[in-house]
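Notes for the one structure printed next.
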Amino acid sequence: MSVCEYKPGLEGIPAAQSSISYVDGQKGILEYRGIRIEELAAKSTFLETAYLLIWGELPSKEELKAFEDEVRLHRRIKYRIRDMMKCFPESGHPMDALQASAAALGLFYSRRDLHNPVYIRDAVVRLIATIPTMVAAFQLMRKGNDPVRPRDDLDYSGNFLYMLNEKEPDELAARIFDVCLILHVEHTMNASTFSARVTASTLTDPYAVVASAVGTLGGPLHGGANEEVIQMLEEIGSVANVRPYVEDLLQRKAKIMGFGHRVYKVKDPRATILQNLAEQLFSKFGEDKYYEIAQEMERVVAEKLGHKGIYPNVDFYSGLVYRKMGIPTDLFTPIFAIARVAGWLAHWKEQLEENRIFRPTQVYNGRHEVAYTPIDQR
């Protein structure tokens with residue numbers, strides 16, 4: 001590879017062929033297996049969408065029920081994993097706790113029988129089922145409380161909110177949370193998905209695949225951005241401060257969290273849906289004082305940077321939705337992971353079908369023929 005072919009961040013370089021999701025960044029289109037995200041958000045459920053992504057087709061009524069029943073059966077986690085989590089420092093970030101816990105699952109289920117459809121399905125079900133339990137468990141443990149056992153009578157999203165808040169969730173909140181999971185479940189070859197596929201290409205177990213992707217998602221330039229959006233809105237403090245705040249960032253050439261996307265040059269369709277979900281929550285549970293700040297920020301950034309194709313992305317409004325549900329800020333990214341696990345597993349399964357280990361090259365820009373200097377001469 002010559003120097004002229006080098007692209008920082010592999011920008012624009014295809015890393016795989018995939019039929020899982022599709023994005024048209026110029027038109028603001030996102031499809032899962034050919035179905036528009038707006039339609040899935042309005043009509044589907046998270047588990048149905050997860051099934052679609054992983055197995056390629058919408059399930060029949062019987063197939064969906066079987067999948068839901070399997071996930072419900074595997075929600076509980078091993079007591080040794082729970083005891084391990086109790087040893088994590090209370091000050092640790094939940095994403096670090098999740099990465100360690102996901103990796104620990106591999107100690108119990110790491111046969112790596114990757115040609116066996118039963119093993120693949122069991123791994124898919126187990127990871128989708130237990131990741132929410134581990135997120136909720138760590139949240140309660142770091143407050144000094146025992147985790148709440150899953151409830152089999154609640155659906156996937158309702159059960160997570162119940163385990164997290166120790167009370168039965170509002171029906172509207174549970175449905176909105178389920179839609180949030182649909183919006184976050186998959187988005188082509190992003191950083192964490194690329195990490196998952198690279199790890200999968202070594203033919204390691206799926207628990208290691210998910211653990212590596214969780215670590216990648218935790219960075220502020222990827223899943224961690226929604227946490228920083230809330231911190232930014234808190235720092236701005238009022239609508240009057242928005243314009244000088246944005247102008248200061250632009251002058252310093254600093255990144256505006258929640259705005260811009262490597263692919264989208266229009267408003268992220270997921271951001272549009274999330275904004276609508278936020279307004280539904282506000283109409284029932286009361287306004288959030290930061291929503292007006294967010295709206296003004298969207299207007300100012302569009303005025304200043306719209307000509308460059310910089311608009312709100314999925315992270316800009318998701319935090320306001322979770323905040324209204326009473327979810328702590330540092331759980332926003334673990335919730336992103338709860339959803340994205342299904343997308344990672346879809347790519348894991350697809351990678352296995354025609355696997356070749358990833359081995360990119362590099363452009364070397366170091367020295368040559370350097371003589372060794374003995375230590376007493378340095």
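By convention here, the chains of the structure tokens are called A, B, ... in the order presented, each chain's residues are numbered starting at 1, and ligands are numbered starting at 1 in the order presented.
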Taking 3 positions as the minimum chain separation for residues in the same chain, which residues sit within 8 Å of Ser201 (chain A) when counting only C-alpha atoms? Answer as an mmCIF file with C-alpha atoms, in the first residue's frame.
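Below is the file that was written, result.cif:
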```
data_model
loop_
_atom_site.group_PDB
_atom_site.id
_atom_site.type_symbol
_atom_site.label_atom_id
_atom_site.label_comp_id
_atom_site.auth_asym_id
_atom_site.auth_seq_id
_atom_site.Cartn_x
_atom_site.Cartn_y
_atom_site.Cartn_z
ATOM 1 C CA ARG A 197 -15.992 -8.292 13.434
ATOM 2 C CA VAL A 198 -12.211 -8.135 13.847
ATOM 3 C CA THR A 204 -12.847 -16.679 19.445
ATOM 4 C CA GLN A 351 -18.638 -12.893 9.789
ATOM 5 C CA LEU A 352 -18.625 -16.628 10.532
ATOM 6 C CA ASN A 355 -14.722 -15.773 7.578
ATOM 7 C CA ARG A 356 -11.269 -14.460 6.867
ATOM 8 C CA ILE A 357 -9.172 -13.035 9.665
ATOM 9 C CA PHE A 358 -8.641 -9.291 9.457
#
```
- Query: If we count only C-alpha atoms, what is near Phe332 (chain A) at a cut-off of 8 Å, once residues fewer than 6 positions away on the same chain are taken out, given as a list of chain:residue names?
  - Reply: A:Gly224, A:Asn226, A:Glu227, A:Gly319, A:Tyr322
Store the residues of this selection in a file with N, CA, C and O atoms, as a PDB file, in the first residue's frame.
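out-v1.pdb, written as the output of this step:
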```
ATOM      1  N   GLY A 224     -20.154   6.893  24.196  1.00  0.00           N
ATOM      2  CA  GLY A 224     -20.082   7.772  25.353  1.00  0.00           C
ATOM      3  C   GLY A 224     -20.506   9.198  25.098  1.00  0.00           C
ATOM      4  O   GLY A 224     -20.612  10.003  26.032  1.00  0.00           O
ATOM      5  N   ASN A 226     -23.405  10.456  24.348  1.00  0.00           N
ATOM      6  CA  ASN A 226     -24.684  10.902  24.919  1.00  0.00           C
ATOM      7  C   ASN A 226     -24.530  11.365  26.369  1.00  0.00           C
ATOM      8  O   ASN A 226     -25.269  12.232  26.829  1.00  0.00           O
ATOM      9  N   GLU A 227     -23.576  10.800  27.097  1.00  0.00           N
ATOM     10  CA  GLU A 227     -23.290  11.293  28.443  1.00  0.00           C
ATOM     11  C   GLU A 227     -22.762  12.721  28.382  1.00  0.00           C
ATOM     12  O   GLU A 227     -23.153  13.585  29.181  1.00  0.00           O
ATOM     13  N   GLY A 319     -30.060  11.177  25.481  1.00  0.00           N
ATOM     14  CA  GLY A 319     -29.827  11.426  26.896  1.00  0.00           C
ATOM     15  C   GLY A 319     -31.004  12.100  27.574  1.00  0.00           C
ATOM     16  O   GLY A 319     -31.317  11.809  28.739  1.00  0.00           O
ATOM     17  N   TYR A 322     -33.579   9.365  28.337  1.00  0.00           N
ATOM     18  CA  TYR A 322     -33.197   8.547  29.485  1.00  0.00           C
ATOM     19  C   TYR A 322     -33.251   9.349  30.783  1.00  0.00           C
ATOM     20  O   TYR A 322     -33.619   8.829  31.840  1.00  0.00           O
TER      21      TYR A 322
END
```
- Shortest interatomic distance to Ser101 (chain A) - which of A:Ser192, A:Ser212, A:Gln275, A:Gln231, counting only C-alpha atoms: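 Ranked by minimum distance to Ser101 (chain A), first place goes to A:Ser212.
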- Task: Identify which of the residues A:Lys289, A:Met95, A:Thr361, A:Ile256 lies closest to Ser238 (chain A), counting only C-alpha atoms when measuring atom-to-atom distances.
- Result: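 With only C-alpha atoms as the atom set, the closest residue is A:Lys289.
Pairwise distance (CA of Glu235 (chain A), CA of Asp248 (chain A)) equals 13.2 Å.
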Excluding Ala50 (chain A) and its own-chain neighbours fewer than 3 positions away, which residues fall within 12 Å of it when counting only C-alpha atoms? Please give them as a PDB file with N, CA and C atoms, in the first residue's frame.
```pdb
ATOM      1  N   ILE A  20     -26.924  -6.521   6.557  1.00  0.00           N
ATOM      2  CA  ILE A  20     -27.624  -6.311   7.825  1.00  0.00           C
ATOM      3  C   ILE A  20     -28.303  -4.950   7.881  1.00  0.00           C
ATOM      4  N   TYR A  32     -32.895  -1.504   8.352  1.00  0.00           N
ATOM      5  CA  TYR A  32     -32.455  -2.795   8.886  1.00  0.00           C
ATOM      6  C   TYR A  32     -33.026  -3.881   7.989  1.00  0.00           C
ATOM      7  N   ARG A  33     -32.144  -4.636   7.334  1.00  0.00           N
ATOM      8  CA  ARG A  33     -32.578  -5.694   6.408  1.00  0.00           C
ATOM      9  C   ARG A  33     -33.604  -5.158   5.413  1.00  0.00           C
ATOM     10  N   LEU A  40     -39.965   0.402  11.673  1.00  0.00           N
ATOM     11  CA  LEU A  40     -39.674  -0.506  12.786  1.00  0.00           C
ATOM     12  C   LEU A  40     -39.949   0.175  14.123  1.00  0.00           C
ATOM     13  N   SER A  44     -42.598  -2.280  15.398  1.00  0.00           N
ATOM     14  CA  SER A  44     -41.915  -3.484  15.866  1.00  0.00           C
ATOM     15  C   SER A  44     -41.616  -3.403  17.355  1.00  0.00           C
ATOM     16  N   THR A  45     -40.969  -4.440  17.870  1.00  0.00           N
ATOM     17  CA  THR A  45     -40.431  -4.467  19.224  1.00  0.00           C
ATOM     18  C   THR A  45     -38.935  -4.722  19.126  1.00  0.00           C
ATOM     19  N   PHE A  46     -38.230  -4.484  20.219  1.00  0.00           N
ATOM     20  CA  PHE A  46     -36.790  -4.701  20.177  1.00  0.00           C
ATOM     21  C   PHE A  46     -36.446  -6.149  19.860  1.00  0.00           C
ATOM     22  N   LEU A  47     -37.087  -7.095  20.522  1.00  0.00           N
ATOM     23  CA  LEU A  47     -36.726  -8.495  20.291  1.00  0.00           C
ATOM     24  C   LEU A  47     -37.081  -8.941  18.883  1.00  0.00           C
ATOM     25  N   LEU A  53     -32.508  -8.804  12.501  1.00  0.00           N
ATOM     26  CA  LEU A  53     -31.119  -8.526  12.194  1.00  0.00           C
ATOM     27  C   LEU A  53     -30.267  -9.787  12.204  1.00  0.00           C
ATOM     28  N   ILE A  54     -30.481 -10.644  13.188  1.00  0.00           N
ATOM     29  CA  ILE A  54     -29.606 -11.803  13.376  1.00  0.00           C
ATOM     30  C   ILE A  54     -29.920 -12.924  12.405  1.00  0.00           C
ATOM     31  N   TRP A  55     -31.206 -13.172  12.167  1.00  0.00           N
ATOM     32  CA  TRP A  55     -31.567 -14.292  11.284  1.00  0.00           C
ATOM     33  C   TRP A  55     -32.064 -13.858   9.912  1.00  0.00           C
ATOM     34  N   GLY A  56     -32.114 -12.572   9.655  1.00  0.00           N
ATOM     35  CA  GLY A  56     -32.314 -12.102   8.293  1.00  0.00           C
ATOM     36  C   GLY A  56     -33.736 -11.871   7.852  1.00  0.00           C
ATOM     37  N   GLU A  57     -34.711 -12.356   8.604  1.00  0.00           N
ATOM     38  CA  GLU A  57     -36.119 -12.198   8.226  1.00  0.00           C
ATOM     39  C   GLU A  57     -36.943 -11.913   9.465  1.00  0.00           C
ATOM     40  N   LEU A  58     -38.076 -11.224   9.281  1.00  0.00           N
ATOM     41  CA  LEU A  58     -39.000 -11.060  10.393  1.00  0.00           C
ATOM     42  C   LEU A  58     -39.530 -12.418  10.827  1.00  0.00           C
ATOM     43  N   PRO A  59     -39.632 -12.672  12.114  1.00  0.00           N
ATOM     44  CA  PRO A  59     -40.102 -13.981  12.580  1.00  0.00           C
ATOM     45  C   PRO A  59     -41.608 -14.134  12.414  1.00  0.00           C
ATOM     46  N   LEU A  64     -41.332 -15.782  16.943  1.00  0.00           N
ATOM     47  CA  LEU A  64     -41.094 -14.676  17.866  1.00  0.00           C
ATOM     48  C   LEU A  64     -41.400 -15.084  19.300  1.00  0.00           C
ATOM     49  N   PHE A  67     -38.617 -17.223  20.623  1.00  0.00           N
ATOM     50  CA  PHE A  67     -37.434 -16.410  20.911  1.00  0.00           C
ATOM     51  C   PHE A  67     -37.627 -15.625  22.205  1.00  0.00           C
ATOM     52  N   GLU A  68     -38.780 -14.996  22.350  1.00  0.00           N
ATOM     53  CA  GLU A  68     -39.068 -14.241  23.570  1.00  0.00           C
ATOM     54  C   GLU A  68     -39.029 -15.138  24.800  1.00  0.00           C
ATOM     55  N   VAL A  71     -35.373 -15.985  25.673  1.00  0.00           N
ATOM     56  CA  VAL A  71     -34.712 -14.839  26.311  1.00  0.00           C
ATOM     57  C   VAL A  71     -35.190 -14.690  27.748  1.00  0.00           C
ATOM     58  N   VAL A 124     -26.520 -16.289  21.315  1.00  0.00           N
ATOM     59  CA  VAL A 124     -27.319 -15.101  20.997  1.00  0.00           C
ATOM     60  C   VAL A 124     -28.338 -14.846  22.106  1.00  0.00           C
ATOM     61  N   VAL A 125     -29.081 -15.867  22.465  1.00  0.00           N
ATOM     62  CA  VAL A 125     -30.123 -15.730  23.483  1.00  0.00           C
ATOM     63  C   VAL A 125     -29.514 -15.329  24.825  1.00  0.00           C
ATOM     64  N   LEU A 127     -26.650 -13.838  25.598  1.00  0.00           N
ATOM     65  CA  LEU A 127     -26.101 -12.487  25.662  1.00  0.00           C
ATOM     66  C   LEU A 127     -27.197 -11.429  25.645  1.00  0.00           C
ATOM     67  N   ILE A 128     -28.176 -11.578  24.778  1.00  0.00           N
ATOM     68  CA  ILE A 128     -29.272 -10.615  24.735  1.00  0.00           C
ATOM     69  C   ILE A 128     -30.046 -10.620  26.047  1.00  0.00           C
ATOM     70  N   ALA A 129     -30.165 -11.794  26.666  1.00  0.00           N
ATOM     71  CA  ALA A 129     -30.940 -11.920  27.903  1.00  0.00           C
ATOM     72  C   ALA A 129     -30.210 -11.383  29.122  1.00  0.00           C
ATOM     73  N   TYR A 156     -39.312  -7.489  27.652  1.00  0.00           N
ATOM     74  CA  TYR A 156     -37.868  -7.239  27.709  1.00  0.00           C
ATOM     75  C   TYR A 156     -37.545  -5.869  28.300  1.00  0.00           C
ATOM     76  N   ASP A 178     -38.274   0.730  24.731  1.00  0.00           N
ATOM     77  CA  ASP A 178     -38.148  -0.327  23.735  1.00  0.00           C
ATOM     78  C   ASP A 178     -37.816   0.256  22.365  1.00  0.00           C
ATOM     79  N   LEU A 181     -34.210   1.207  22.144  1.00  0.00           N
ATOM     80  CA  LEU A 181     -33.355   0.059  21.865  1.00  0.00           C
ATOM     81  C   LEU A 181     -33.353  -0.267  20.373  1.00  0.00           C
ATOM     82  N   ILE A 182     -34.514  -0.174  19.742  1.00  0.00           N
ATOM     83  CA  ILE A 182     -34.590  -0.412  18.297  1.00  0.00           C
ATOM     84  C   ILE A 182     -33.702   0.585  17.550  1.00  0.00           C
ATOM     85  N   LEU A 183     -33.723   1.832  17.969  1.00  0.00           N
ATOM     86  CA  LEU A 183     -32.955   2.877  17.282  1.00  0.00           C
ATOM     87  C   LEU A 183     -31.450   2.681  17.434  1.00  0.00           C
ATOM     88  N   HIS A 184     -31.032   2.048  18.523  1.00  0.00           N
ATOM     89  CA  HIS A 184     -29.606   1.897  18.807  1.00  0.00           C
ATOM     90  C   HIS A 184     -29.052   0.517  18.447  1.00  0.00           C
ATOM     91  N   VAL A 185     -29.862  -0.364  17.936  1.00  0.00           N
ATOM     92  CA  VAL A 185     -29.446  -1.756  17.817  1.00  0.00           C
ATOM     93  C   VAL A 185     -28.380  -1.994  16.740  1.00  0.00           C
ATOM     94  N   GLU A 186     -28.338  -1.163  15.710  1.00  0.00           N
ATOM     95  CA  GLU A 186     -27.433  -1.453  14.592  1.00  0.00           C
ATOM     96  C   GLU A 186     -27.199  -0.201  13.762  1.00  0.00           C
ATOM     97  N   ILE A 338     -26.832  -2.473  25.588  1.00  0.00           N
ATOM     98  CA  ILE A 338     -27.918  -3.451  25.679  1.00  0.00           C
ATOM     99  C   ILE A 338     -28.551  -3.644  24.309  1.00  0.00           C
ATOM    100  N   ALA A 339     -28.781  -2.536  23.621  1.00  0.00           N
ATOM    101  CA  ALA A 339     -29.364  -2.608  22.277  1.00  0.00           C
ATOM    102  C   ALA A 339     -28.375  -3.149  21.270  1.00  0.00           C
ATOM    103  N   ARG A 340     -27.156  -2.584  21.254  1.00  0.00           N
ATOM    104  CA  ARG A 340     -26.210  -2.867  20.179  1.00  0.00           C
ATOM    105  C   ARG A 340     -25.684  -4.301  20.227  1.00  0.00           C
ATOM    106  N   VAL A 341     -25.832  -4.997  21.356  1.00  0.00           N
ATOM    107  CA  VAL A 341     -25.413  -6.400  21.433  1.00  0.00           C
ATOM    108  C   VAL A 341     -26.041  -7.205  20.302  1.00  0.00           C
ATOM    109  N   ALA A 342     -27.307  -6.963  20.018  1.00  0.00           N
ATOM    110  CA  ALA A 342     -27.975  -7.712  18.951  1.00  0.00           C
ATOM    111  C   ALA A 342     -27.348  -7.406  17.598  1.00  0.00           C
ATOM    112  N   GLY A 343     -26.994  -6.145  17.355  1.00  0.00           N
ATOM    113  CA  GLY A 343     -26.316  -5.795  16.110  1.00  0.00           C
ATOM    114  C   GLY A 343     -24.952  -6.443  16.010  1.00  0.00           C
ATOM    115  N   TRP A 344     -24.186  -6.410  17.103  1.00  0.00           N
ATOM    116  CA  TRP A 344     -22.875  -7.067  17.106  1.00  0.00           C
ATOM    117  C   TRP A 344     -22.999  -8.553  16.819  1.00  0.00           C
ATOM    118  N   LEU A 345     -24.010  -9.173  17.410  1.00  0.00           N
ATOM    119  CA  LEU A 345     -24.187 -10.612  17.202  1.00  0.00           C
ATOM    120  C   LEU A 345     -24.606 -10.922  15.767  1.00  0.00           C
ATOM    121  N   ALA A 346     -25.383 -10.027  15.161  1.00  0.00           N
ATOM    122  CA  ALA A 346     -25.728 -10.213  13.749  1.00  0.00           C
ATOM    123  C   ALA A 346     -24.466 -10.182  12.896  1.00  0.00           C
ATOM    124  N   HIS A 347     -23.553  -9.265  13.197  1.00  0.00           N
ATOM    125  CA  HIS A 347     -22.299  -9.174  12.445  1.00  0.00           C
ATOM    126  C   HIS A 347     -21.377 -10.354  12.781  1.00  0.00           C
TER     127      HIS A 347
END
```
- Message: Between CA of Tyr264 (chain A) and CA of Asn313 (chain A), what distance in Å does the model show, to one decimal?
- Response: 8.1 Å
- Message: Run DSSP on the backbone and tell me which residues of region 30-112 of chain A come out as alpha helix (DSSP H); list them as a PyMOL selection string.
- Response: chain A and resi 37-43+46-55+61-73+79-86+94-109
- Task: Could you please determine the separation between CA of His187 (chain A) and CA of Val214 (chain A) in Å, to one decimal place?
- Result: 14.9 Å
